[in-house]
Structure formats: structure tokens, C-alpha cells
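Okay, my_file_6.tsv is below, TSV, C-alpha atoms and all ligand atoms:
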chain	number	residue	atom	x	y	z
A	438	MET	CA	21.31	0.68	24.91
A	439	LEU	CA	21.50	-0.92	21.47
A	440	GLU	CA	21.20	-4.40	23.02
A	441	ARG	CA	17.46	-4.27	22.38
A	442	TYR	CA	18.20	-4.18	18.63
A	443	ASP	CA	20.92	-6.86	18.61
A	444	ARG	CA	19.19	-9.22	16.21
A	445	GLN	CA	18.26	-6.40	13.83
A	446	ILE	CA	21.77	-4.92	13.89
A	447	ALA	CA	23.06	-8.38	12.98
A	448	VAL	CA	21.24	-7.92	9.66
A	449	ILE	CA	21.57	-4.21	8.88
A	450	GLY	CA	24.55	-2.99	10.97
A	451	GLU	CA	24.89	-0.31	13.62
A	452	GLU	CA	25.05	2.63	11.22
A	453	ALA	CA	21.70	1.66	9.72
A	454	GLN	CA	20.26	1.17	13.21
A	455	ASN	CA	21.30	4.72	14.08
A	456	LYS	CA	19.45	5.97	10.99
A	457	ILE	CA	16.33	4.20	12.26
A	458	LEU	CA	16.77	5.71	15.73
A	459	ASN	CA	16.90	9.17	14.15
A	460	ALA	CA	14.01	8.66	11.72
A	461	LYS	CA	10.73	10.60	11.88
A	462	ILE	CA	7.66	8.90	10.43
A	463	LEU	CA	4.03	9.91	9.90
A	464	VAL	CA	1.56	7.00	10.00
A	465	VAL	CA	-1.85	7.90	8.54
A	466	GLY	CA	-4.41	5.65	10.20
A	467	ALA	CA	-4.44	3.43	13.30
A	468	GLY	CA	-6.66	0.58	12.14
A	469	ALA	CA	-5.57	-2.88	11.05
A	470	LEU	CA	-2.69	-1.78	8.81
A	471	GLY	CA	-1.80	1.06	11.16
A	472	THR	CA	-1.45	-1.11	14.25
A	473	SER	CA	0.63	-3.67	12.34
A	474	ILE	CA	2.86	-0.89	10.98
A	475	LEU	CA	3.22	0.77	14.40
A	476	ASN	CA	4.01	-2.56	16.04
A	477	SER	CA	6.90	-3.12	13.61
A	478	LEU	CA	8.23	0.46	13.65
A	479	VAL	CA	8.24	0.77	17.44
A	480	ARG	CA	9.98	-2.57	17.95
A	481	ALA	CA	12.54	-1.61	15.25
A	482	GLY	CA	13.34	1.57	17.19
A	483	VAL	CA	12.13	4.39	14.91
A	484	GLY	CA	12.93	7.59	16.81
A	485	PHE	CA	9.74	9.58	16.31
A	486	ILE	CA	6.32	8.46	15.11
A	487	ARG	CA	3.28	10.69	14.65
A	488	VAL	CA	0.03	8.76	14.14
A	489	VAL	CA	-3.20	10.37	12.99
A	490	ASP	CA	-6.68	8.79	13.29
A	491	MET	CA	-10.14	9.96	14.39
A	492	ASP	CA	-11.81	6.65	15.25
A	493	VAL	CA	-12.50	4.86	18.52
A	494	VAL	CA	-11.87	1.17	19.17
A	495	GLU	CA	-14.92	-1.02	18.43
A	496	LEU	CA	-15.50	-4.69	19.21
A	497	SER	CA	-15.26	-5.71	15.53
A	498	ASN	CA	-11.76	-4.15	15.36
A	499	LEU	CA	-10.26	-6.65	17.80
A	500	GLN	CA	-10.24	-9.46	15.22
A	501	ARG	CA	-7.30	-7.79	13.45
A	502	GLN	CA	-6.17	-4.50	15.01
A	503	MET	CA	-3.30	-5.99	16.95
A	504	LEU	CA	-2.53	-3.27	19.49
A	505	PHE	CA	-6.03	-3.18	21.03
A	506	ASP	CA	-7.73	-5.34	23.64
A	507	GLU	CA	-11.15	-5.43	25.28
A	508	LYS	CA	-10.43	-2.71	27.81
A	509	ASP	CA	-9.66	-0.28	24.95
A	510	LEU	CA	-13.26	-0.38	23.65
A	511	GLY	CA	-14.56	3.17	23.24
A	512	GLU	CA	-11.07	4.72	23.54
A	513	LYS	CA	-9.57	6.78	20.71
A	514	LYS	CA	-7.43	4.43	18.61
A	515	VAL	CA	-4.36	6.66	18.60
A	516	ILE	CA	-4.48	6.91	22.42
A	517	ALA	CA	-4.99	3.17	23.00
A	518	ALA	CA	-2.28	2.34	20.45
A	519	THR	CA	0.20	4.79	21.97
A	520	ASN	CA	-0.40	3.42	25.48
A	521	LYS	CA	0.37	-0.11	24.28
A	522	LEU	CA	3.37	0.98	22.20
A	523	LYS	CA	4.97	2.77	25.16
A	524	LEU	CA	4.96	-0.54	27.01
A	525	ILE	CA	6.70	-2.19	24.05
A	526	ASN	CA	9.43	0.43	23.62
A	527	SER	CA	9.58	3.48	25.88
A	528	GLU	CA	12.52	4.89	23.88
A	529	VAL	CA	10.29	5.83	20.94
A	530	ASN	CA	8.85	9.34	20.86
A	531	LEU	CA	5.18	8.87	19.98
A	532	GLU	CA	2.76	11.64	19.05
A	533	PRO	CA	-0.91	10.59	18.83
A	534	ILE	CA	-3.14	13.00	16.89
A	535	VAL	CA	-6.95	12.74	16.94
A	536	ASP	CA	-7.78	14.20	13.56
A	537	ARG	CA	-8.44	13.39	9.92
A	538	ILE	CA	-5.90	13.76	7.10
A	539	THR	CA	-7.24	16.18	4.50
A	540	ALA	CA	-5.62	18.40	1.89
A	541	ASP	CA	-5.72	21.14	4.56
A	542	THR	CA	-4.29	19.18	7.50
A	543	ILE	CA	-1.65	16.97	5.87
A	544	GLY	CA	0.94	19.74	5.71
A	545	LYS	CA	1.12	20.34	9.44
A	546	TYR	CA	1.22	16.63	10.29
A	547	ALA	CA	3.81	15.68	7.67
A	548	LEU	CA	6.05	18.58	8.67
A	549	GLY	CA	9.50	17.35	9.62
A	550	CYS	CA	8.77	13.72	8.74
A	551	ASP	CA	11.18	11.69	6.58
A	552	ILE	CA	8.46	9.44	5.21
A	553	ILE	CA	4.68	8.98	5.29
A	554	ILE	CA	3.08	5.55	5.65
A	555	ASP	CA	-0.44	5.00	4.36
A	556	ALA	CA	-2.74	3.02	6.64
A	557	THR	CA	-5.94	4.67	5.44
A	558	ASP	CA	-9.04	2.87	4.27
A	559	ASN	CA	-9.84	4.84	1.11
A	560	PHE	CA	-8.28	6.07	-2.13
A	561	SER	CA	-9.44	9.67	-1.66
A	562	THR	CA	-7.03	10.06	1.27
A	563	ARG	CA	-4.30	8.20	-0.64
A	564	GLU	CA	-4.64	10.70	-3.48
A	565	ILE	CA	-4.22	13.55	-0.98
A	566	ILE	CA	-1.10	11.87	0.44
A	567	ASN	CA	0.29	11.20	-3.05
A	568	LYS	CA	-0.17	14.79	-4.24
A	569	TYR	CA	1.29	16.28	-1.05
A	570	ALA	CA	4.21	13.83	-1.03
A	571	ILE	CA	5.15	14.51	-4.67
A	572	GLU	CA	4.82	18.30	-4.31
A	573	ASN	CA	6.88	18.35	-1.12
A	574	ASN	CA	9.38	15.67	-2.11
A	575	ILE	CA	8.57	13.29	0.75
A	576	PRO	CA	8.53	9.55	0.05
A	577	TRP	CA	5.50	7.52	1.09
A	578	ILE	CA	4.40	3.92	1.29
A	579	TYR	CA	1.10	2.84	-0.26
A	580	GLY	CA	-0.71	-0.13	1.25
A	581	GLY	CA	-4.22	-1.44	0.69
A	582	VAL	CA	-6.13	-4.56	1.64
A	583	ALA	CA	-9.52	-6.28	1.35
A	584	ALA	CA	-10.68	-9.85	2.06
A	585	ALA	CA	-7.47	-11.94	1.78
A	586	PHE	CA	-5.74	-9.64	-0.75
A	587	GLY	CA	-3.25	-6.83	-0.35
A	588	MET	CA	-0.81	-4.53	-2.15
A	589	ALA	CA	2.08	-2.31	-1.14
A	590	LYS	CA	4.54	0.03	-2.89
A	591	THR	CA	7.29	2.47	-1.94
A	592	ILE	CA	6.81	5.78	-3.72
A	593	ILE	CA	9.80	8.11	-3.98
A	594	PRO	CA	8.99	11.46	-5.67
A	595	LYS	CA	10.50	11.86	-9.15
A	596	GLU	CA	12.42	8.59	-8.75
A	597	THR	CA	9.79	5.88	-8.74
A	598	ALA	CA	6.30	5.83	-10.16
A	599	CYS	CA	3.78	7.69	-8.00
A	600	LEU	CA	0.34	6.28	-7.17
A	601	LYS	CA	-1.21	8.13	-10.13
A	602	CYS	CA	1.35	6.66	-12.55
A	603	PHE	CA	-0.04	3.15	-12.16
A	604	MET	CA	-3.57	3.81	-10.92
A	605	LYS	CA	-6.20	4.01	-13.62
A	606	LYS	CA	-8.99	6.58	-13.51
A	607	ARG	CA	-10.40	6.97	-9.99
A	608	THR	CA	-13.81	5.47	-9.46
A	609	ASN	CA	-15.97	4.63	-6.47
A	610	GLU	CA	-15.37	0.95	-7.13
A	611	GLU	CA	-12.97	0.13	-4.34
A	612	TYR	CA	-12.95	-2.97	-2.17
A	613	THR	CA	-12.58	-2.46	1.58
A	614	ALA	CA	-13.04	-4.33	4.85
A	615	ARG	CA	-16.48	-2.74	5.04
A	616	ASN	CA	-17.83	-4.16	1.77
A	617	SER	CA	-15.66	-7.27	1.36
A	618	GLY	CA	-14.61	-8.35	4.85
A	619	ILE	CA	-11.00	-8.80	5.90
A	620	MET	CA	-8.73	-11.57	7.20
A	621	ASN	CA	-6.23	-10.66	9.89
A	622	GLY	CA	-3.42	-12.47	8.06
A	623	ILE	CA	-3.39	-10.00	5.19
A	624	THR	CA	-3.50	-6.86	7.38
A	625	ALA	CA	-0.66	-8.16	9.55
A	626	VAL	CA	1.42	-9.05	6.48
A	627	ILE	CA	0.81	-5.91	4.43
A	628	GLY	CA	1.36	-3.72	7.51
A	629	ALA	CA	4.65	-5.51	8.22
A	630	ILE	CA	5.69	-5.12	4.57
A	631	GLU	CA	4.87	-1.39	4.62
A	632	ALA	CA	6.89	-0.91	7.82
A	633	ASN	CA	9.75	-2.92	6.30
A	634	MET	CA	9.59	-0.76	3.15
A	635	ALA	CA	9.85	2.37	5.31
A	636	ILE	CA	12.83	0.94	7.21
A	637	ARG	CA	14.47	0.00	3.90
A	638	TYR	CA	14.06	3.54	2.61
A	639	ILE	CA	15.50	4.97	5.83
A	640	ILE	CA	18.59	2.76	5.69
A	641	GLY	CA	19.14	3.46	2.00
A	642	LYS	CA	17.92	0.19	0.48
A	643	PRO	CA	14.48	1.13	-0.87
A	644	SER	CA	12.06	-1.39	-2.31
A	645	THR	CA	11.22	-0.76	-5.96
A	646	LYS	CA	8.33	-3.05	-6.86
A	647	LEU	CA	4.58	-3.10	-6.40
A	648	ILE	CA	3.79	-6.14	-4.29
A	649	TYR	CA	0.53	-8.08	-4.54
A	650	ILE	CA	-0.45	-10.90	-2.19
A	651	ASP	CA	-3.40	-13.30	-2.22
A	652	LEU	CA	-3.37	-15.34	0.98
A	653	PHE	CA	-6.14	-17.64	-0.21
A	654	GLU	CA	-4.45	-18.63	-3.48
A	655	ASP	CA	-0.83	-18.69	-2.21
A	656	ASP	CA	-0.19	-16.06	-4.86
A	657	PHE	CA	2.66	-13.57	-4.43
A	658	GLN	CA	3.36	-11.17	-7.31
A	659	THR	CA	5.93	-8.44	-7.78
A	660	ILE	CA	5.12	-5.91	-10.46
A	661	GLU	CA	7.59	-3.58	-12.19
A	662	VAL	CA	6.04	-0.14	-12.21
A	663	LYS	CA	7.31	2.52	-14.59
A	664	ARG	CA	6.84	6.26	-14.21
A	665	ASP	CA	4.25	7.77	-16.52
A	666	ILE	CA	5.75	10.79	-18.25
A	667	ASN	CA	2.22	12.16	-18.70
A	668	CYS	CA	1.27	11.57	-15.06
A	669	THR	CA	-0.94	14.45	-13.86
A	670	VAL	CA	0.75	14.41	-10.43
A	671	CYS	CA	4.45	13.66	-10.96
A	672	GLY	CA	4.91	13.86	-14.77
A	673	GLY	CA	6.06	16.70	-16.96
A	674	GLU	CA	9.74	16.01	-16.40
A	675	LYS	CA	12.23	13.85	-18.22
A	676	VAL	CA	12.00	10.26	-17.09
A	677	ASP	CA	15.17	8.15	-17.30
B	415	MET	CA	-5.60	-14.60	-33.89
B	416	ILE	CA	-3.04	-14.50	-31.07
B	417	LYS	CA	-3.09	-16.21	-27.71
B	418	VAL	CA	-2.51	-14.39	-24.42
B	419	ASN	CA	-2.52	-15.75	-20.88
B	420	ALA	CA	-4.88	-13.63	-18.81
B	421	LYS	CA	-5.45	-13.44	-15.09
B	422	ALA	CA	-8.00	-11.43	-13.13
B	423	PHE	CA	-6.73	-10.96	-9.59
B	424	ALA	CA	-8.58	-10.78	-6.27
B	425	MET	CA	-12.24	-9.73	-6.57
B	426	LEU	CA	-12.03	-9.36	-10.35
B	427	SER	CA	-12.15	-13.15	-10.59
B	428	LYS	CA	-15.86	-12.98	-9.76
B	429	TYR	CA	-16.49	-11.76	-13.31
B	430	ILE	CA	-15.00	-14.91	-14.81
B	431	GLU	CA	-15.12	-18.53	-13.76
B	432	THR	CA	-11.62	-18.73	-12.36
B	433	ASN	CA	-8.74	-16.50	-11.40
B	434	LYS	CA	-6.24	-19.12	-12.44
B	435	ASN	CA	-4.24	-18.33	-15.55
B	436	PHE	CA	-6.09	-19.12	-18.71
B	437	GLU	CA	-5.61	-18.57	-22.41
B	438	ILE	CA	-7.71	-16.22	-24.44
B	439	LEU	CA	-7.73	-15.65	-28.20
B	440	VAL	CA	-7.79	-12.09	-29.56
B	441	GLU	CA	-7.16	-10.52	-32.96
B	442	GLU	CA	-3.62	-9.55	-33.83
B	443	GLY	CA	-3.01	-5.88	-32.92
B	444	SER	CA	-5.41	-6.05	-29.98
B	445	THR	CA	-4.90	-3.86	-26.94
B	446	LEU	CA	-5.14	-4.71	-23.27
B	447	ARG	CA	-8.57	-3.06	-23.35
B	448	ASP	CA	-9.69	-5.56	-26.01
B	449	VAL	CA	-8.59	-8.39	-23.71
B	450	LEU	CA	-10.42	-6.76	-20.82
B	451	ASN	CA	-13.60	-6.46	-22.86
B	452	LYS	CA	-13.35	-10.02	-24.10
B	453	LEU	CA	-13.05	-11.18	-20.48
B	454	GLY	CA	-16.06	-9.07	-19.53
B	455	LEU	CA	-14.20	-7.15	-16.82
B	456	PRO	CA	-15.58	-3.68	-15.95
B	457	GLU	CA	-12.97	-1.05	-16.83
B	458	ASP	CA	-13.85	1.15	-13.87
B	459	GLU	CA	-12.83	-1.58	-11.44
B	460	ILE	CA	-9.29	-1.82	-12.80
B	461	PHE	CA	-6.74	-0.29	-10.44
B	462	THR	CA	-3.76	-1.35	-12.47
B	463	CYS	CA	-2.92	-3.86	-15.21
B	464	THR	CA	0.22	-5.59	-16.36
B	465	ILE	CA	1.85	-7.18	-19.39
B	466	ASN	CA	4.56	-9.73	-18.53
B	467	GLY	CA	4.90	-8.44	-14.96
B	468	GLU	CA	5.22	-4.75	-15.85
B	469	ASN	CA	2.48	-2.19	-15.43
B	470	ALA	CA	0.80	-1.21	-18.68
B	471	THR	CA	-2.00	0.98	-19.98
B	472	LEU	CA	-5.20	-0.38	-21.47
B	473	ASP	CA	-4.11	1.12	-24.80
B	474	ASP	CA	-0.93	-0.98	-24.91
B	475	LYS	CA	-0.89	-3.72	-27.55
B	476	VAL	CA	-0.56	-7.38	-26.61
B	477	LYS	CA	1.57	-9.95	-28.42
B	478	ASP	CA	1.22	-13.68	-28.86
B	479	GLY	CA	2.23	-15.46	-25.64
B	480	ASP	CA	1.98	-12.39	-23.39
B	481	ASN	CA	0.94	-12.82	-19.76
B	482	VAL	CA	-1.51	-10.11	-18.76
B	483	GLY	CA	-2.99	-9.32	-15.36
B	484	PHE	CA	-5.77	-7.10	-14.02
B	485	TYR	CA	-5.89	-5.87	-10.41
B	486	PRO	CA	-8.79	-4.22	-8.53
B	487	TYR	CA	-8.75	-1.28	-6.10
B	488	LEU	CA	-7.78	-2.72	-2.72
B	489	GLY	CA	-8.90	0.21	-0.61
B	490	GLY	CA	-9.12	-1.13	2.94
B	491	GLY	CA	-6.70	-0.44	5.72
A	701	ZN	ZN	3.06	9.87	-11.22
Render the structure in this file as C-alpha cells.
Ligand SMILES: [Zn+2]
Amino acid sequence: MLERYDRQIAVIGEEAQNKILNAKILVVGAGALGTSILNSLVRAGVGFIRVVDMDVVELSNLQRQMLFDEKDLGEKKVIAATNKLKLINSEVNLEPIVDRITADTIGKYALGCDIIIDATDNFSTREIINKYAIENNIPWIYGGVAAAFGMAKTIIPKETACLKCFMKKRTNEEYTARNSGIMNGITAVIGAIEANMAIRYIIGKPSTKLIYIDLFEDDFQTIEVKRDINCTVCGGEKVD
Amino acid sequence: MIKVNAKAFAMLSKYIETNKNFEILVEEGSTLRDVLNKLGLPEDEIFTCTINGENATLDDKVKDGDNVGFYPYLGGG
């Protein structure tokens, strides 16, 4: 049964593989990052994955959203993705949810999950995830992309910095695929990094740094991020 | 005056000629915000900023020889 994961077990060991097989993950979004994340998690053998997204597959998605093909056009993304993922690994328990993550809905979808992975396309939803995750002591993975650039960070409540600790004041000035375009290299890479960060958390070897990648400048940065004791979301407690 | 190496990452490079590292002269005791203003970067587009590879606030002071970086909001998914 574990033969499928032979090459992975050669790196992490059987005990870690069993942790992955028992893990429960919420993936918020089934677009470019989401399909890359789901592709990695399902192949790695994550036991249960709930994925939430409202959108349907459009022609312009096929350039980068790696689980969809032409016959999925018009289908709900979470349904099309789940159908493809079941063919990849039928041992994974997948739960597609056609809905939007809001401050009101996040609680019921995150319930019972060990970790939340961000594959959203806006900072408003990320702030909802961050606040919920900190208040309910659930780790989450931030990921964001635009053009050929991307970032990712593992956020563990009260241990690492939260999103608000290193994010300046929120504005409407955010770059997205919609206003800046997007290359499929960066979504594949950042999605794979987010999935890898989630796996690392699950097996007890969490990533600590904020990662920044520019695929057009061959620029790869790792940034040390400290907790902000005055953080309005996670602060107010002794740090270090 | 002190010299810092500044870099505006991703889309922020559109506000300056290059996103390659370059040196900028500021008064001693300057903050990261002073560097930002000297570069002509809009503060409301700064997601996070760094001094020598660690995240910093715009009120943090810079020293001679520091490497500073400014990153925009990468919001897409
Ligand atoms: Zn915080």
C-alpha cells in the first residue's frame, strides 16, 4: 500500500508518511495556486483535503490551472479538480465545496483541519484566514503571485510571525493575475512550495522564512520575519 | 551622509529605472521611510520591507552599508 510513496518515504521515512496519510487540510481556492497545491498534496498522500471555491473553469484558466482541460470548461472548479485528483490518487478523501470563504463561513470549513493553505486571489480573504487561524490556533500557509513574482510563508500561531506582523497597512494596491498577468511557472512553483511547506509542518519540520521568487530575474530571496509584539492580530503576548 | 544598497522588488521597480541593487545616499539617522521617499516609492504599495534580509518597519533606522528591500502586495492566486 505504501509502495506508491516509496520515493517520498526514502526522504522522510515511514513515520512521517503516516502523518501525511492522517493529515486533514483545507485548501482555500482552486485556481492556479490551488490546482498546483492540490496536485502536490494528493500525490503525496494527504489523507483528507477539503477545497473551497465558487468559480467555474474558463478558457483563460487553462494556461496555468494544471488540473483542468478543455472538457472542463463551464464546470465548477472544485468538481473538475476533484474528478482529476481521484484519477491521480483514489486513496485521498476529497471534499469539494462550492462556496466562498468569508468571516462567517471559514469556521465550518476549517473545522477539524490541521492546516489551512491559502490559494486565494486577494488580501481581504487572506486577512480573514489569518485572523481565524490565529484565534483558533491553526497554522496556515500564505502564498501570493502576480506576473513572474511570488511569495510564500508558513504561519504558526504565536510561534512565527502572522501575516499582519510583516504586512504593512492594507491598501487596495495589490497586484494580481487580473491586473498584471501571470506566468504559469510562478504559479506552479509557489503552489508546490506552499504544498511542501504544509507537508513540512505536518511531519514536524516547518519552514520558517518568507520566500520571494522572481522568475524573470533569477532572483530567489529568503527573508527572516520576526513577530511584531504590537501586532493587532497575534500580538499582546511576550515574544521570545 | 551614509550609503545604503536599495532594491525595489517585482512591480515596485517600475518606479525607478532598475530593480538591480543600487546605492543611495541618505542623511545619517535616516529611516527606511526616508529611503523609500528618496526612491520615490509609494508607501501604500509596500507589502513588506527588509534591512539586511530581515523584515523591518519603515520607522527603523538604516546604517551605512545596509541592504534594504521593498516588496509589493502579490495578491494573485
Ligand atoms: Zn501578528
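A distance cut-off of 6 Å from ligand ZN 701 (chain A), applied to all atoms listed in the file, picks out the residues Ala598, Cys599, Lys601, Cys602, Asp665, Cys668, Val670, Cys671 and Gly672 of chain A.
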Could you give me, as a count of residues only, the residues within 7 Å of Val449 of chain B, counting all atoms listed in the file and dropping anything in the same chain fewer than 4 positions from it? 3
Using 7 Å as the limit and counting only C-alpha atoms, can you tabulate each residue of chain A that touches chain B, with its shortest atom-to-atom distance in Å and the two atoms involved, as a tab-separated table?
residue	atom	partner	partner_atom	distance
A:Gly468	CA	B:Gly491	CA	6.5
A:Ala469	CA	B:Gly491	CA	6.0
A:Leu470	CA	B:Gly491	CA	5.2
A:Ala556	CA	B:Gly491	CA	5.3
A:Thr557	CA	B:Gly491	CA	5.2
A:Asp558	CA	B:Gly490	CA	4.2
A:Asn559	CA	B:Gly489	CA	5.0
A:Phe560	CA	B:Gly489	CA	6.1
A:Gly581	CA	B:Leu488	CA	5.1
A:Val582	CA	B:Gly490	CA	4.7
A:Ala583	CA	B:Gly490	CA	5.4
A:Phe586	CA	B:Ala424	CA	6.3
A:Gly587	CA	B:Leu488	CA	6.6
A:Phe603	CA	B:Thr462	CA	5.8
A:Met604	CA	B:Phe461	CA	5.2
A:Lys605	CA	B:Phe461	CA	5.4
A:Thr608	CA	B:Asp458	CA	6.2
A:Glu610	CA	B:Glu459	CA	5.6
A:Glu611	CA	B:Tyr487	CA	4.8
A:Tyr612	CA	B:Leu488	CA	5.2
A:Thr613	CA	B:Gly490	CA	3.9
A:Ala614	CA	B:Gly490	CA	5.4
A:Ile660	CA	B:Gly467	CA	5.2
A:Glu661	CA	B:Glu468	CA	4.5
A:Val662	CA	B:Asn469	CA	5.2
A:Lys663	CA	B:Asn469	CA	6.8
In Å, how far is it from atom CA of Val418 of chain B to atom CA of Phe436 of chain B? 8.2 Å
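The coordinates place atom CA of Asp551 of chain A at 15.9 Å from atom CA of Ala481 of chain A.
Take atom CA of Asn574 of chain A and atom CA of Val515 of chain A: the distance between them is 26.4 Å.
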Excluding Glu452 of chain A and its own-chain neighbours fewer than 5 positions away, which residues fall within 12 Å of it when counting only C-alpha atoms? Please give them as an NGL selection string. :A and (439 or 445-447 or 457-459 or 639-641)
If we count all atoms listed in the file, what is near Val465 of chain A at a cut-off of 8 Å, once residues fewer than 3 positions away on the same chain are taken out, given as a list in words? Gly471, Val488, Val489, Asp490, Ile538, Ile553, Ile554, Asp555, Ala556 and Thr557 of chain A
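Considering the residues B:Lys477, B:Arg447, B:Lys428, B:Lys452 and counting all atoms listed in the file, Ile416 of chain B has its shortest atom-to-atom contact with B:Lys477.
Shortest separation to Glu532 of chain A among A:Thr562, A:Leu463, A:Ala453, A:Leu652 occurs at residue A:Leu463, atoms counted being only C-alpha atoms.
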Could you pull the residues within 7 Å of Lys475 of chain B, counting all atoms listed in the file, minus those fewer than 3 positions along the same chain, as a compact mmCIF listing (two decimals) with C-alpha atoms, in the coordinates of the input?
# COMPACT_ATOMS: atom_id res chain seq x y z
CA GLY B 443 -3.01 -5.88 -32.92
CA SER B 444 -5.41 -6.05 -29.98
CA THR B 445 -4.90 -3.86 -26.94
CA LEU B 446 -5.14 -4.71 -23.27
Pick out the residues sitting within 12 Å of Val626 of chain A, and hand them over as a ChimeraX atom specification; count only C-alpha atoms, and ignore anything fewer than 2 positions along from it in its own chain. /A:469-474,476-477,501,503,580-582,585-589,620-624,628-633,648-652,657 /B:491
